[in-house]
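As provided, query-v3.csv (CSV, C-alpha atoms and all ligand atoms) reads as follows.
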chain,number,residue,atom,x,y,z
A,26,MET,CA,-4.4,-11.4,-20.8
A,27,SER,CA,-7.1,-10.2,-18.5
A,28,GLU,CA,-9.7,-7.4,-18.8
A,29,GLN,CA,-10.9,-4.7,-16.4
A,30,GLY,CA,-13.1,-2.1,-17.9
A,31,SER,CA,-12.1,-1.4,-21.4
A,32,VAL,CA,-8.3,-1.9,-20.8
A,33,ALA,CA,-6.5,-5.2,-21.4
A,34,TYR,CA,-3.6,-5.9,-19.1
A,35,HIS,CA,-0.8,-8.4,-19.5
A,36,PHE,CA,-0.1,-9.5,-15.9
A,37,PHE,CA,3.2,-10.9,-14.7
A,38,ARG,CA,3.1,-14.7,-15.1
A,39,SER,CA,3.3,-15.9,-11.5
A,40,ASP,CA,3.4,-19.3,-10.0
A,41,GLU,CA,1.3,-20.0,-7.0
A,42,LYS,CA,3.1,-23.2,-6.1
A,43,ARG,CA,6.5,-21.5,-6.2
A,44,VAL,CA,5.2,-18.9,-3.7
A,45,ILE,CA,3.7,-21.6,-1.5
A,46,GLU,CA,7.0,-23.5,-1.5
A,47,LYS,CA,9.1,-20.3,-0.8
A,48,LEU,CA,7.0,-18.8,2.0
A,49,GLY,CA,5.8,-22.0,3.5
A,50,LYS,CA,2.8,-22.4,5.8
A,51,GLU,CA,4.2,-20.1,8.5
A,52,GLY,CA,5.2,-17.3,6.1
A,53,LEU,CA,1.8,-17.4,4.3
A,54,LEU,CA,-0.2,-17.4,7.5
A,55,SER,CA,1.8,-14.5,8.8
A,56,CYS,CA,1.0,-12.5,5.6
A,57,LEU,CA,-2.7,-13.4,6.0
A,58,GLU,CA,-2.5,-12.2,9.6
A,59,GLN,CA,-0.9,-8.9,8.5
A,60,MET,CA,-3.6,-8.3,6.0
A,61,LEU,CA,-6.2,-8.9,8.6
A,62,LEU,CA,-4.5,-6.5,11.0
A,63,ILE,CA,-4.6,-3.8,8.3
A,64,ARG,CA,-8.3,-4.5,7.5
A,65,ASN,CA,-9.3,-4.5,11.2
A,66,PHE,CA,-7.2,-1.3,11.8
A,67,GLU,CA,-9.1,0.5,8.9
A,68,ILE,CA,-12.5,-0.7,10.0
A,69,ARG,CA,-12.1,0.2,13.7
A,70,ALA,CA,-10.4,3.5,13.0
A,71,GLU,CA,-13.1,4.4,10.6
A,72,SER,CA,-15.7,3.8,13.3
A,73,ALA,CA,-13.8,5.9,15.8
A,74,TYR,CA,-13.7,8.7,13.2
A,75,PHE,CA,-17.5,8.5,12.7
A,76,GLN,CA,-17.9,8.6,16.5
A,77,GLY,CA,-16.0,11.9,16.5
A,78,HIS,CA,-12.8,10.7,18.1
A,79,ILE,CA,-10.6,11.3,15.1
A,80,GLY,CA,-10.6,14.4,12.9
A,81,GLY,CA,-8.9,15.7,9.7
A,82,PHE,CA,-8.2,13.6,6.6
A,83,PHE,CA,-8.5,9.8,6.6
A,84,HIS,CA,-7.9,7.6,3.5
A,85,SER,CA,-8.6,3.9,3.9
A,86,TYR,CA,-6.4,1.2,2.3
A,87,MET,CA,-9.2,-1.3,2.5
A,88,GLY,CA,-9.2,-3.5,-0.6
A,89,GLN,CA,-5.6,-2.9,-1.5
A,90,GLU,CA,-4.0,-4.9,1.4
A,91,ALA,CA,-2.4,-7.6,-0.8
A,92,ILE,CA,-0.1,-5.1,-2.6
A,93,GLN,CA,2.0,-3.6,0.2
A,94,THR,CA,1.8,-6.8,2.3
A,95,ALA,CA,3.3,-8.8,-0.6
A,96,ALA,CA,5.8,-6.1,-1.5
A,97,VAL,CA,7.2,-5.8,2.1
A,98,ALA,CA,7.3,-9.7,2.4
A,99,ALA,CA,9.1,-10.0,-0.9
A,100,ILE,CA,11.5,-7.0,-0.8
A,101,GLY,CA,12.3,-6.9,3.0
A,102,GLN,CA,12.4,-4.2,5.5
A,103,GLU,CA,16.0,-2.9,4.7
A,104,SER,CA,14.8,-1.0,1.7
A,105,TRP,CA,13.6,2.6,1.7
A,106,TRP,CA,9.8,3.0,1.5
A,107,THR,CA,7.6,5.9,0.6
A,108,THR,CA,3.9,6.3,-0.2
A,109,SER,CA,1.1,8.7,-0.5
A,110,TYR,CA,-1.4,9.9,2.2
A,111,ARG,CA,-3.0,6.4,2.0
A,112,CYS,CA,-0.3,5.2,4.4
A,113,HIS,CA,-1.7,3.3,7.3
A,114,ALA,CA,-0.9,-0.2,5.9
A,115,LEU,CA,2.7,0.5,5.0
A,116,ALA,CA,3.5,1.8,8.5
A,117,LEU,CA,1.9,-1.3,10.1
A,118,LEU,CA,3.9,-3.5,7.8
A,119,LEU,CA,7.1,-1.7,8.6
A,120,ASN,CA,6.6,-2.3,12.3
A,121,ALA,CA,5.0,0.8,13.6
A,122,SER,CA,2.8,-0.4,16.4
A,123,PRO,CA,-1.0,-0.2,16.1
A,124,ASN,CA,-1.0,1.7,19.4
A,125,GLU,CA,1.3,4.5,18.2
A,126,LEU,CA,-0.6,4.8,14.9
A,127,MET,CA,-4.0,4.9,16.5
A,128,ALA,CA,-2.8,7.4,19.0
A,129,GLU,CA,-1.6,9.5,16.1
A,130,LEU,CA,-5.0,9.4,14.5
A,131,TYR,CA,-6.5,10.5,17.8
A,132,GLY,CA,-4.0,13.4,17.8
A,133,ARG,CA,-2.3,12.3,21.0
A,134,ALA,CA,1.2,13.2,22.4
A,135,ASN,CA,2.5,9.6,22.2
A,136,GLY,CA,1.3,9.1,18.6
A,137,ASN,CA,3.6,8.1,15.7
A,138,ALA,CA,4.2,11.8,14.9
A,139,LYS,CA,3.5,13.1,18.4
A,140,GLY,CA,-0.1,13.9,17.3
A,141,ARG,CA,1.2,16.5,14.8
A,142,GLY,CA,0.7,14.6,11.5
A,143,GLY,CA,-2.5,12.6,11.7
A,144,SER,CA,-3.6,10.0,9.1
A,145,MET,CA,-1.5,11.2,6.2
A,146,HIS,CA,2.0,11.4,7.7
A,147,PHE,CA,2.9,8.1,9.3
A,148,PHE,CA,6.6,7.1,9.2
A,149,THR,CA,9.0,4.5,10.5
A,150,ASP,CA,12.8,4.1,10.4
A,151,ARG,CA,12.6,2.8,6.8
A,152,MET,CA,9.5,4.6,5.7
A,153,LEU,CA,10.2,8.2,4.7
A,154,GLY,CA,6.6,9.1,5.1
A,155,GLY,CA,3.1,9.3,3.9
A,156,PHE,CA,2.7,12.4,1.8
A,157,GLY,CA,-0.3,14.6,1.3
A,158,ILE,CA,0.8,16.3,-1.9
A,159,VAL,CA,-0.1,14.1,-4.9
A,160,GLY,CA,3.3,12.9,-6.3
A,161,GLY,CA,5.2,14.6,-3.5
A,162,GLN,CA,6.8,11.4,-2.4
A,163,ILE,CA,8.2,10.5,-5.9
A,164,PRO,CA,11.3,12.8,-5.9
A,165,ILE,CA,12.0,11.8,-2.2
A,166,ALA,CA,12.0,8.1,-3.2
A,167,THR,CA,14.3,8.9,-6.2
A,168,GLY,CA,16.7,10.7,-3.8
A,169,ALA,CA,16.7,7.6,-1.5
A,170,ALA,CA,17.6,5.5,-4.6
A,171,PHE,CA,20.4,7.9,-5.3
A,172,SER,CA,21.8,7.4,-1.8
A,173,ILE,CA,21.6,3.6,-2.1
A,174,LYS,CA,23.6,3.8,-5.4
A,175,TYR,CA,26.1,6.3,-3.9
A,176,GLN,CA,26.7,4.1,-0.9
A,177,LYS,CA,26.9,1.0,-3.2
A,178,GLN,CA,24.2,-0.8,-1.1
A,179,LYS,CA,22.5,-3.9,-2.4
A,180,THR,CA,18.9,-2.7,-1.9
A,181,VAL,CA,16.2,-0.6,-3.5
A,182,SER,CA,13.9,2.3,-2.9
A,183,VAL,CA,10.2,1.5,-3.3
A,184,CYS,CA,7.8,4.3,-4.1
A,185,PHE,CA,4.0,3.7,-4.1
A,186,LEU,CA,1.8,6.2,-5.8
A,187,GLY,CA,-1.8,6.3,-7.1
A,188,GLU,CA,-2.6,6.4,-10.8
A,189,GLY,CA,-3.8,10.0,-10.3
A,190,ALA,CA,-0.1,11.0,-9.6
A,191,VAL,CA,0.9,9.8,-13.1
A,192,ALA,CA,-0.3,13.2,-14.4
A,193,GLN,CA,2.1,15.0,-12.1
A,194,GLY,CA,5.4,16.5,-13.4
A,195,SER,CA,7.3,15.1,-10.4
A,196,LEU,CA,6.8,11.6,-11.8
A,197,HIS,CA,8.3,12.4,-15.1
A,198,GLU,CA,11.2,14.4,-13.7
A,199,SER,CA,12.0,11.6,-11.3
A,200,LEU,CA,11.7,8.8,-13.9
A,201,ASN,CA,13.9,10.7,-16.3
A,202,MET,CA,16.6,11.2,-13.7
A,203,ALA,CA,16.4,7.6,-12.3
A,204,ALA,CA,16.7,6.2,-15.9
A,205,LEU,CA,19.6,8.5,-16.7
A,206,TRP,CA,21.5,7.7,-13.5
A,207,ASP,CA,20.6,4.0,-13.2
A,208,LEU,CA,19.0,4.4,-9.8
A,209,PRO,CA,17.6,1.3,-8.1
A,210,CYS,CA,14.0,2.6,-7.6
A,211,ILE,CA,10.8,0.6,-8.0
A,212,TYR,CA,7.9,2.9,-8.8
A,213,VAL,CA,4.7,1.2,-8.0
A,214,ILE,CA,1.5,2.7,-9.4
A,215,GLU,CA,-1.5,1.4,-7.4
A,216,ASN,CA,-4.2,1.8,-10.0
A,217,ASN,CA,-7.5,1.7,-8.2
A,218,HIS,CA,-9.2,3.4,-11.1
A,219,TRP,CA,-10.3,6.5,-9.3
A,220,GLY,CA,-8.4,9.7,-8.5
A,221,MET,CA,-10.9,11.1,-6.0
A,222,GLY,CA,-14.1,11.0,-8.1
A,223,THR,CA,-12.4,11.0,-11.5
A,224,PHE,CA,-12.2,7.7,-13.5
A,225,VAL,CA,-8.7,6.9,-14.7
A,226,GLU,CA,-9.7,7.1,-18.4
A,227,ARG,CA,-10.8,10.7,-18.0
A,228,ALA,CA,-7.5,11.7,-16.4
A,229,ILE,CA,-4.6,9.7,-17.9
A,230,SER,CA,-4.0,10.0,-21.7
A,231,VAL,CA,-2.7,6.5,-22.4
A,232,GLU,CA,-3.4,3.0,-20.9
A,233,PRO,CA,-2.3,0.5,-19.9
A,234,ILE,CA,-0.1,3.1,-18.1
A,235,VAL,CA,3.0,1.1,-17.4
A,236,GLU,CA,2.9,-1.0,-20.6
A,237,LYS,CA,2.9,2.2,-22.6
A,238,LYS,CA,4.9,4.6,-20.5
A,239,SER,CA,7.8,2.5,-19.3
A,240,LEU,CA,9.1,2.3,-22.9
A,241,GLY,CA,9.4,6.1,-23.1
A,242,TYR,CA,11.9,6.0,-20.2
A,243,GLY,CA,13.8,3.0,-21.4
A,244,MET,CA,12.7,1.1,-18.3
A,245,LYS,CA,11.3,-2.3,-17.8
A,246,GLY,CA,7.6,-2.4,-16.9
A,247,TYR,CA,5.5,-4.9,-15.1
A,248,THR,CA,1.7,-5.2,-14.4
A,249,LEU,CA,0.5,-7.1,-11.3
A,250,ASN,CA,-3.0,-8.1,-10.1
A,251,GLY,CA,-3.6,-6.4,-6.8
A,252,ASN,CA,-6.4,-8.7,-5.9
A,253,ASP,CA,-4.0,-11.7,-6.0
A,254,PHE,CA,-1.5,-11.9,-3.2
A,255,PHE,CA,0.5,-14.6,-5.0
A,256,ASN,CA,0.8,-12.6,-8.2
A,257,CYS,CA,2.0,-9.6,-6.2
A,258,TYR,CA,4.5,-11.6,-4.1
A,259,ASP,CA,6.0,-13.5,-7.1
A,260,GLY,CA,6.1,-10.3,-9.1
A,261,PHE,CA,7.7,-8.2,-6.5
A,262,SER,CA,10.3,-10.9,-5.7
A,263,HIS,CA,11.3,-11.0,-9.4
A,264,ILE,CA,11.3,-7.2,-9.7
A,265,PHE,CA,13.4,-6.8,-6.6
A,266,ASN,CA,16.1,-9.3,-7.7
A,267,GLU,CA,16.2,-7.7,-11.1
A,268,THR,CA,16.5,-4.2,-9.8
A,269,VAL,CA,19.3,-5.0,-7.3
A,270,GLN,CA,21.2,-6.9,-10.0
A,271,ALA,CA,20.8,-4.4,-12.8
A,272,SER,CA,20.7,-1.2,-10.7
A,273,ARG,CA,18.0,0.1,-13.0
A,274,PRO,CA,14.7,1.8,-12.1
A,275,VAL,CA,11.4,-0.2,-12.9
A,276,LEU,CA,7.9,0.9,-13.4
A,277,VAL,CA,5.1,-1.3,-11.9
A,278,GLU,CA,1.4,-1.0,-12.2
A,279,VAL,CA,-0.8,-2.9,-9.9
A,280,ILE,CA,-4.5,-3.1,-10.8
A,281,VAL,CA,-6.8,-3.1,-7.8
A,282,ASP,CA,-10.1,-1.8,-6.4
A,283,ARG,CA,-10.6,0.3,-3.3
A,284,PHE,CA,-13.5,-0.7,-1.1
A,285,ARG,CA,-14.2,2.8,0.2
A,286,GLY,CA,-14.6,6.3,-1.2
A,287,HIS,CA,-11.4,8.4,-1.8
A,288,SER,CA,-11.5,9.6,1.8
A,289,ILE,CA,-13.8,9.2,4.7
A,290,SER,CA,-15.8,12.2,3.6
A,291,ASP,CA,-16.5,10.7,0.2
A,292,PRO,CA,-19.6,8.4,0.0
A,293,GLY,CA,-18.4,7.3,-3.5
A,294,LEU,CA,-21.7,8.0,-5.2
A,295,TYR,CA,-20.0,7.9,-8.6
A,296,ARG,CA,-19.7,4.1,-8.3
A,297,SER,CA,-22.6,1.7,-8.7
A,298,LYS,CA,-23.5,-0.7,-6.0
A,299,GLU,CA,-23.1,-3.6,-8.4
A,300,ASN,CA,-19.5,-2.5,-9.3
A,301,LEU,CA,-18.6,-2.3,-5.6
A,302,ALA,CA,-20.2,-5.7,-4.9
A,303,GLN,CA,-18.2,-7.2,-7.7
A,304,CYS,CA,-15.0,-5.6,-6.4
A,305,MET,CA,-15.6,-7.0,-3.0
A,306,LYS,CA,-16.1,-10.5,-4.4
A,307,ASN,CA,-12.5,-10.3,-5.5
A,308,ASP,CA,-11.3,-9.4,-2.0
A,309,SER,CA,-7.6,-10.5,-1.8
A,310,ILE,CA,-8.0,-11.5,1.8
A,311,LEU,CA,-10.7,-14.0,1.1
A,312,LYS,CA,-8.8,-15.3,-1.9
A,313,LEU,CA,-5.6,-15.8,0.1
A,314,PHE,CA,-7.6,-17.6,2.8
A,315,GLN,CA,-9.3,-19.9,0.2
A,316,VAL,CA,-5.9,-21.0,-1.2
A,317,LEU,CA,-4.5,-21.5,2.3
A,318,ARG,CA,-7.6,-23.5,3.3
A,319,ASP,CA,-7.4,-25.6,0.2
A,320,SER,CA,-3.7,-26.3,0.9
A,321,GLY,CA,-4.7,-27.5,4.4
A,322,PHE,CA,-2.9,-24.7,6.2
A,323,ILE,CA,-5.9,-23.2,8.0
A,324,ASP,CA,-9.6,-23.9,8.4
A,325,GLU,CA,-12.6,-21.6,8.8
A,326,LYS,CA,-12.5,-21.7,12.6
A,327,GLU,CA,-8.8,-20.9,12.8
A,328,TYR,CA,-9.4,-18.1,10.3
A,329,GLU,CA,-12.1,-16.6,12.5
A,330,LYS,CA,-9.8,-16.9,15.5
A,331,MET,CA,-7.0,-15.1,13.6
A,332,ASP,CA,-9.4,-12.3,12.6
A,333,GLY,CA,-10.6,-12.1,16.2
A,334,ARG,CA,-7.0,-11.8,17.5
A,335,GLN,CA,-6.3,-8.8,15.1
A,336,LYS,CA,-9.6,-7.2,16.1
A,337,GLU,CA,-8.5,-7.4,19.7
A,338,VAL,CA,-5.1,-5.9,18.9
A,339,VAL,CA,-6.9,-2.9,17.3
A,340,MET,CA,-9.4,-2.6,20.1
A,341,ALA,CA,-6.5,-2.5,22.5
A,342,ALA,CA,-4.9,0.3,20.3
A,343,ILE,CA,-8.2,2.3,20.5
A,344,ASP,CA,-8.2,1.9,24.3
A,345,PHE,CA,-4.5,3.0,24.4
A,346,ALA,CA,-5.3,6.0,22.2
A,347,GLU,CA,-8.3,7.0,24.3
A,348,ARG,CA,-6.2,6.9,27.5
A,349,SER,CA,-3.4,8.9,26.0
A,350,PRO,CA,-2.8,12.6,26.7
A,351,PHE,CA,-3.2,15.4,24.2
A,352,PRO,CA,0.0,17.3,23.4
A,353,ASP,CA,0.6,20.2,25.7
A,354,ALA,CA,-0.5,23.4,24.1
A,355,THR,CA,2.8,25.1,24.9
A,356,GLU,CA,4.7,22.4,22.9
A,357,LEU,CA,2.6,22.4,19.7
A,358,GLY,CA,5.3,24.2,17.7
A,359,ASP,CA,8.0,21.6,18.7
A,360,GLY,CA,9.2,19.5,15.7
A,361,VAL,CA,7.0,21.4,13.3
A,362,PHE,CA,9.0,23.0,10.5
A,363,ALA,CA,6.3,25.0,8.8
A,364,LEU,CA,3.3,26.5,10.4
B,401,LIG,C1,-0.6,18.4,-5.9
B,401,LIG,C2,-2.0,18.0,-5.5
B,401,LIG,N1,-3.0,18.2,-6.3
B,401,LIG,C3,-4.3,17.8,-5.9
B,401,LIG,C4,-4.5,17.3,-4.6
B,401,LIG,C5,-5.8,16.9,-4.2
B,401,LIG,N2,-5.9,15.4,-4.3
B,401,LIG,C6,-5.7,14.7,-3.1
B,401,LIG,S1,-5.8,13.0,-3.5
B,401,LIG,C7,-6.2,13.3,-5.1
B,401,LIG,C8,-6.4,12.1,-6.0
B,401,LIG,C9,-5.2,11.2,-6.2
B,401,LIG,O1,-5.6,10.0,-6.7
B,401,LIG,P1,-4.6,8.8,-6.9
B,401,LIG,O2,-3.2,9.4,-7.2
B,401,LIG,O3,-5.1,7.9,-7.9
B,401,LIG,O4,-4.5,8.1,-5.5
B,401,LIG,P2,-5.6,7.3,-4.6
B,401,LIG,O5,-6.2,8.3,-3.8
B,401,LIG,O6,-6.5,6.6,-5.6
B,401,LIG,O7,-4.8,6.3,-3.8
B,401,LIG,C10,-6.2,14.7,-5.4
B,401,LIG,C11,-6.4,15.2,-6.7
B,401,LIG,C12,-3.3,17.1,-3.8
B,401,LIG,N3,-3.4,16.6,-2.6
B,401,LIG,N4,-2.1,17.5,-4.3

What would you get if you wrote out this structure as structure tokens?
Ligand SMILES: Cc1ncc(C[n+]2csc(CCOP(=O)(O)OP(=O)(O)O)c2C)c(N)n1
Amino acid sequence: MSEQGSVAYHFFRSDEKRVIEKLGKEGLLSCLEQMLLIRNFEIRAESAYFQGHIGGFFHSYMGQEAIQTAAVAAIGQESWWTTSYRCHALALLLNASPNELMAELYGRANGNAKGRGGSMHFFTDRMLGGFGIVGGQIPIATGAAFSIKYQKQKTVSVCFLGEGAVAQGSLHESLNMAALWDLPCIYVIENNHWGMGTFVERAISVEPIVEKKSLGYGMKGYTLNGNDFFNCYDGFSHIFNETVQASRPVLVEVIVDRFRGHSISDPGLYRSKENLAQCMKNDSILKLFQVLRDSGFIDEKEYEKMDGRQKEVVMAAIDFAERSPFPDATELGDGVFAL
């Protein structure tokens, strides 16, 4: 049992050694590199925003990198994936290029959504989108799970949502239907404690969310530690296998901290500096690095090089975006279904 705030969580019992054996040096270093790509992407895109190159909404995934990196590594790219507006990392993990994503943030014609969607609406072949409406992605993910079952495929639909979306009706309607119809959907609540500036305990009536709520839908529930890549990877591997075998929906809660405000326009004044510093001490990237260093897979210098390589990838994406054309004004309505 571990404590965060006043809530006691029972985390999935993971085995670091098992993960090291399964992923091996190469697999683990590749996950670390992906997390560094996400971190660098968020840092540089944020700077570009402050310099006035990017407009509109912008929600950083900084601090939460271990969760989606571990989920994609454990579950694989053939599943259906959906998430909220905090969608930069998932698109990168599902093979959208940093160039097309940065160009999208810059509103350029060769961006991921042709400059129409911006930060909240990234997509890929297997990612059905980032969604701006809180909880809007949940019925979509449930429908994807229905299609998997209908076509008798051996995979799952994975739906990420924030703990703020737990108060939305769409979650309860979806969970009820998924449980009734035995749909292979993994609902992952990324509990970063804050829904904009509202602390989770002031918004959600019962906690721990999954330990209490999964029972009400006759579903299995798991709680993972989002600051620990190994716990997330081992947990998602187990949950994926179980979901495919049983064709039953599962509710997962991942406890984590975001390093930034809700969005780029939120200075996060409702959090103390001490709290933030404490959260950053638990940075999942540093923790993963430390374990890999202690296992003899990487040293400080190699880590710095790896980080530098990802910084270069992102700087090249910024250069690409800056050189890219804006959409032609006469084509702005193309591909837009509602104006
Ligand atoms: C239906 C709806 N209501 C309100 C909003 C405004 N809003 C945007 S994000 C947000 C908070 C959501 O927090 P959470 O689900 O915990 O996700 P996080 O931002 O922490 O990832 C709110 C209330 C919205 N976009 N959609």

Check: Quick one: residues within 6 Å of ligand LIG 401 (chain B), with only C-alpha atoms and all ligand atoms, as JSON, numbers by chain?
Finding: {"A": [157, 158, 159, 187, 188, 189, 190, 217, 219, 220, 221, 287]}

Item checked: Non-local contacts of segment 205-213 of chain A (7 Å; only C-alpha atoms; under 2 positions in same chain excluded) as a PyMOL selection string -> chain A and resi 167+170-171+174+181-186+201-203+215+268-269+272-278

Next item on the list: Could you jot down the atom CA of Ser144 of chain A to atom CA of Phe83 of chain A separation for me, Å, one decimal place?
Entry: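 That distance, rounded to one decimal, is 5.5 Å.
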
Item checked: Interatomic distance, atom CA of Lys50 of chain A to atom CA of Glu325 of chain A (Å, one decimal) ->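 Computing the Euclidean distance for atom CA of Lys50 of chain A and atom CA of Glu325 of chain A yields 15.7 Å.
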
Margin query: I'd like to know which of A:Ile100, A:Leu54, A:Val32, A:Ala91 is closest to Glu226 of chain A, using only C-alpha atoms.
Written below: A:Val32

Next item on the list: Identify which of the residues A:Leu126, A:Ile173, A:Ala363, A:Leu311 lies closest to Glu103 of chain A, counting only C-alpha atoms when measuring atom-to-atom distances.
Entry: A:Ile173

Would you pull segment 220-268 of chain A out of the block just shown and save C-alpha atoms as a PDB file, in the first residue's frame?
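This is the output file out04.pdb:
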ATOM      1  CA  GLY A 220      -9.042  18.890 -13.248  1.00  0.00           C
ATOM      2  CA  MET A 221      -7.974  22.363 -14.370  1.00  0.00           C
ATOM      3  CA  GLY A 222      -7.624  24.031 -10.919  1.00  0.00           C
ATOM      4  CA  THR A 223      -9.968  21.705  -9.007  1.00  0.00           C
ATOM      5  CA  PHE A 224      -8.421  19.095  -6.715  1.00  0.00           C
ATOM      6  CA  VAL A 225      -9.759  15.595  -7.301  1.00  0.00           C
ATOM      7  CA  GLU A 226     -11.192  15.313  -3.787  1.00  0.00           C
ATOM      8  CA  ARG A 227     -13.433  18.310  -4.454  1.00  0.00           C
ATOM      9  CA  ALA A 228     -14.769  16.874  -7.725  1.00  0.00           C
ATOM     10  CA  ILE A 229     -15.082  13.096  -7.390  1.00  0.00           C
ATOM     11  CA  SER A 230     -17.290  11.627  -4.685  1.00  0.00           C
ATOM     12  CA  VAL A 231     -15.415   8.409  -3.926  1.00  0.00           C
ATOM     13  CA  GLU A 232     -11.755   7.446  -3.912  1.00  0.00           C
ATOM     14  CA  PRO A 233      -9.717   5.475  -4.763  1.00  0.00           C
ATOM     15  CA  ILE A 234     -11.704   5.838  -7.970  1.00  0.00           C
ATOM     16  CA  VAL A 235     -11.057   2.490  -9.576  1.00  0.00           C
ATOM     17  CA  GLU A 236     -10.924   0.367  -6.430  1.00  0.00           C
ATOM     18  CA  LYS A 237     -14.411   1.587  -5.548  1.00  0.00           C
ATOM     19  CA  LYS A 238     -16.054   2.122  -8.938  1.00  0.00           C
ATOM     20  CA  SER A 239     -14.980  -0.991 -10.844  1.00  0.00           C
ATOM     21  CA  LEU A 240     -17.043  -3.142  -8.477  1.00  0.00           C
ATOM     22  CA  GLY A 241     -20.201  -1.268  -9.438  1.00  0.00           C
ATOM     23  CA  TYR A 242     -19.797  -2.329 -13.066  1.00  0.00           C
ATOM     24  CA  GLY A 243     -18.738  -5.899 -12.334  1.00  0.00           C
ATOM     25  CA  MET A 244     -15.339  -5.124 -13.836  1.00  0.00           C
ATOM     26  CA  LYS A 245     -11.830  -5.854 -12.733  1.00  0.00           C
ATOM     27  CA  GLY A 246      -9.918  -2.789 -11.591  1.00  0.00           C
ATOM     28  CA  TYR A 247      -6.194  -2.077 -11.354  1.00  0.00           C
ATOM     29  CA  THR A 248      -4.180   0.812  -9.938  1.00  0.00           C
ATOM     30  CA  LEU A 249      -0.760   1.651 -11.351  1.00  0.00           C
ATOM     31  CA  ASN A 250       2.006   4.025 -10.306  1.00  0.00           C
ATOM     32  CA  GLY A 251       2.453   6.484 -13.183  1.00  0.00           C
ATOM     33  CA  ASN A 252       5.851   7.614 -11.893  1.00  0.00           C
ATOM     34  CA  ASP A 253       7.214   4.095 -12.335  1.00  0.00           C
ATOM     35  CA  PHE A 254       7.707   2.841 -15.897  1.00  0.00           C
ATOM     36  CA  PHE A 255       8.184  -0.753 -14.676  1.00  0.00           C
ATOM     37  CA  ASN A 256       4.948  -0.812 -12.725  1.00  0.00           C
ATOM     38  CA  CYS A 257       3.083   0.604 -15.722  1.00  0.00           C
ATOM     39  CA  TYR A 258       4.646  -1.796 -18.239  1.00  0.00           C
ATOM     40  CA  ASP A 259       4.147  -4.902 -16.113  1.00  0.00           C
ATOM     41  CA  GLY A 260       0.614  -3.811 -15.232  1.00  0.00           C
ATOM     42  CA  PHE A 261      -0.442  -3.031 -18.810  1.00  0.00           C
ATOM     43  CA  SER A 262       1.045  -6.337 -20.070  1.00  0.00           C
ATOM     44  CA  HIS A 263      -0.991  -8.257 -17.515  1.00  0.00           C
ATOM     45  CA  ILE A 264      -4.166  -6.236 -18.166  1.00  0.00           C
ATOM     46  CA  PHE A 265      -3.838  -6.595 -21.953  1.00  0.00           C
ATOM     47  CA  ASN A 266      -3.457 -10.392 -21.797  1.00  0.00           C
ATOM     48  CA  GLU A 267      -6.365 -10.694 -19.433  1.00  0.00           C
ATOM     49  CA  THR A 268      -8.610  -8.419 -21.529  1.00  0.00           C
TER      50      THR A 268
END
